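First comes the structure, then the notes that go with it.
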Amino acid sequence: MEIFDALMQGFATAVTPQNLLLMMLGCVIGLFVGAMPGLGSVNGVAILLPVTFLVPPTGAIIFLAAVYYGAMYGGAISSIMLGIPGASTAVATVFDGRPLAMQGKADWALVAAAVGSFVGGTISVILFTLFAPPLADFALKFGPQEEFALMMLAFATFIGLGGDDIPKTIFSIAVGLVFAAVGLDEISGQPRLIFFDIPGFYHGINFLVLAIGIYGIGEILWTLETSQGDVKVSQASFTASRILDAFKRLKSSTLTIISSSFLGYFVGILPAAGATPASLMAYGVAKTMSKDPDSFGKGNITGVAAPETANNAASTGSMLPMITLGIPGSPTTAILLGGMIIWGLRPGPLLFVNHPEFVWGLIGSLYMANLFTVIINIAFIPLFVSVLKLSFTILAPIIFVLCIVGGYAPTQDLHDVWLIIIFGVVFYLLRKLNYPVAPAVLAIVLGPLTERALRQSLVAEQGNVATFVERPLSATILVLAVLLIVLPVIKMMKHKKKSAAADDGPEADES
Amino acid sequence: MTTRTAELLMAILMGLLSVGLMWKSTELEIGWIPDRGPGGGAWPFWLSAVMLLCCLVTVYRWWRRATPQSRSEAEFMDRNTRRINFITVGSLVALLGLTHVIGIYFAIFFFLLFYIRFVGRHSWPLTGILSVATPIFLFFFFEALLRILLPKGYSEPLFYPLYRIIY
């Protein structure tokens, strides 16, 4: 009852005219920032943080949380409409969102993303409200060994469930991890992999550089090849009956959406993980559990709903350790945390006691922001769909321009933009030879976290590699990772044996 | 060039890249430093070794004709694709090169003018509207709203009056 009263108080704070206006503005700005290739929730929140010093802390966090929510969905828009993830959290949305758009079903994909995001967001806010302190305690048990095991699980998902050439998939992961190692070695502080002594490499290779290169430049080169430059991408139509139809189709994804909400929320809480691995794992799980796994990657609506549900659930989940313990669960919440300190608030368990209006106002606004974002998203679908109706020779140069500008904005270094073009061309050629490119992007995002977790574990245990299997939690996660890799291999071998037996059959008969 | 040749060539190139990365990683300690854990070069060194191993497996599978690409005798990139890719990548390089000199806004104007009019063969009015409106929108979105300054090269003085309006 106490929680309920506090929540009602939170709602009262959230619906004051100023906070309501800030929330709506945040959702709309977040949506557009997220939809721009290269700019995600991190950039949106970081860039807009100084603006919030004009309003009280509660209004400020409500505004930034709304930007966070809006950007989470906005990433899905560019994934679906342009085939370019606006942020790493929307990488998995491309896998099925893009094929759906190419089939003229972009509106279905957008509805699936909106509904998934809404359900994921709502379920995770309810979980946030009810179970905040005990869950945070559980997440605290995660040491570097568990974090490392979790990363291995994310990579295993790609090797085991990607369905691509396994050596080429591992190559792609390793390339991403090596690129992530460029810059300064975190532990010794020494420069590492500074190619040809070019100063631009000192700040490392931002994951956006590889992501924009692959999904911006490389993707457009790919589309130009298939369309030869003069064919429209797709004819998408938008009517109320088609939207209703999309809702009906989503019924079959109900279980996936609910399970992805829980998965996303729990992965989001973990300080090392966040929305990107959550969305990729949710996609992997949805594919494994599906009756028709082969349809994934070819335009399955569940393949859009699962990652979008999970990334929204994770974005709420990542706020939990930030609010209760002062540990950010994602880069975006790290910036929010910085903001709270500037606003004069001390994140941690005492926040609930000392500033209940702030915490509950935020929680109340999360419920409202969720509802508002889903309404605005569905209302804007015709606008997003009309993007696809443009001729590709208009869309392509505009996307190139957005990629160049979006690639420049985070580091403000033209060196990064040159890298984007080089990566775009090289990974386009690799993709033509059936090298999967998504694992490289995943690896460059998770690379620094993986290396840190590995080295911390080894240093703490004096080089004892067995530490990863001696701890029950990390051992369990590692077993899951190994199973994920081994099972499809066994399946493939069985399939090969079967087909070999089928081939031998007639010959045996003849003999 | 056939897809089969391209598959081998790419595996060899990527293998060489892996060797290069391994060599570059040795600038830092790649072994175990007592009391301090693995050296700074160990992580990229062993990952590059994994990359090299994957390339060797790909070459072996190419020799065994185990992958669809290693069996394909089809042309890797046809003439039309080569043409459109050359124009696109060339114009992107020109866009970036021009950005260093005349700034991003004017470079975008010329890039869009070239691509929409001469590659897309769209009408002059449409080309004009998009080429002018895009940099103007980007200027107000990035510089006025988000306060991110984009490179302007030698065209910087032309923006002084606008700075006075937005700041």
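In the structure tokens, the first chain shown is A, the next is B, and so on; residue numbers restart at 1 for each chain, and ligands run from 1 in the order shown.
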What residues in chain B lie within 6 Å of chain A, counting only C-alpha atoms, written as number ranges by chain?
-> B: 37, 40, 44, 47, 51, 54, 81, 116, 120
Keeping only C-alpha atoms, write the selected residues as a PDB file, in the first residue's frame.
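After the write, again.pdb holds the following:
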```
ATOM      1  CA  GLY B  37      47.987  -9.627 -15.009  1.00  0.00           C
ATOM      2  CA  GLY B  40      48.154  -4.553 -22.655  1.00  0.00           C
ATOM      3  CA  PRO B  44      44.401  -7.812 -29.268  1.00  0.00           C
ATOM      4  CA  LEU B  47      42.216 -12.069 -30.924  1.00  0.00           C
ATOM      5  CA  MET B  51      41.292 -13.923 -36.864  1.00  0.00           C
ATOM      6  CA  CYS B  54      39.618 -18.221 -39.125  1.00  0.00           C
ATOM      7  CA  THR B  81      27.686  -2.460 -60.038  1.00  0.00           C
ATOM      8  CA  ILE B 116      20.515  13.978 -57.363  1.00  0.00           C
ATOM      9  CA  GLY B 120      19.573  10.258 -60.161  1.00  0.00           C
TER      10      GLY B 120
END
```
Long-range neighbours of B:Gly128 as a PyMOL selection string, 10 Å cut-off, only C-alpha atoms, 3 positions minimum in chain = chain B and resi 109+112-113+116-117+123-125+131-133
Can you list every residue in stretch 161-199 of chain A that DSSP puts in alpha helix (DSSP H), as number ranges by chain?
-> A: 161, 166-180
Could you write those residues out with C-alpha atoms, as a tab-separated table (two decimals), in the first residue's frame?
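This is the output file again.tsv:
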```tsv
chain	number	residue	atom	x	y	z
A	161	LEU	CA	22.04	-18.88	-33.71
A	166	ILE	CA	31.01	-20.27	-38.36
A	167	PRO	CA	34.69	-19.36	-39.11
A	168	LYS	CA	33.51	-16.16	-40.81
A	169	THR	CA	31.25	-15.32	-37.83
A	170	ILE	CA	34.13	-15.82	-35.38
A	171	PHE	CA	36.37	-13.70	-37.64
A	172	SER	CA	33.75	-10.95	-37.58
A	173	ILE	CA	33.53	-11.03	-33.76
A	174	ALA	CA	37.33	-11.00	-33.38
A	175	VAL	CA	37.69	-8.07	-35.80
A	176	GLY	CA	35.14	-6.06	-33.77
A	177	LEU	CA	36.92	-6.88	-30.51
A	178	VAL	CA	40.33	-5.88	-31.91
A	179	PHE	CA	38.94	-2.58	-33.23
A	180	ALA	CA	37.50	-1.96	-29.76
```
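Here atom CA of B:Pro68 and atom CA of A:Val285 stand 28.0 Å from one another.
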Please indicate the distance in Å from atom CA of B:Ser155 to atom CA of B:His100, rounded to one decimal place.
-> 10.3 Å
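Among A:Ala154, A:Val119, A:Val33, A:Val359, the residue with the shortest atom-to-atom distance to A:Met281, counting only C-alpha atoms, is A:Ala154.
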Work out how far apart atom CA of A:Ser295 and atom CA of A:Ser88 are and give it in Å to one decimal.
-> 23.2 Å
Might you pull out every residue within 12 Å of A:Thr332, with only C-alpha atoms counted and same-chain residues fewer than 6 positions away left off, and present them as a ChimeraX atom specification?
-> /A:40-49,64-65,67-69,71-72,87,89,268,271,274-275,314-316,318-319,322,338-339
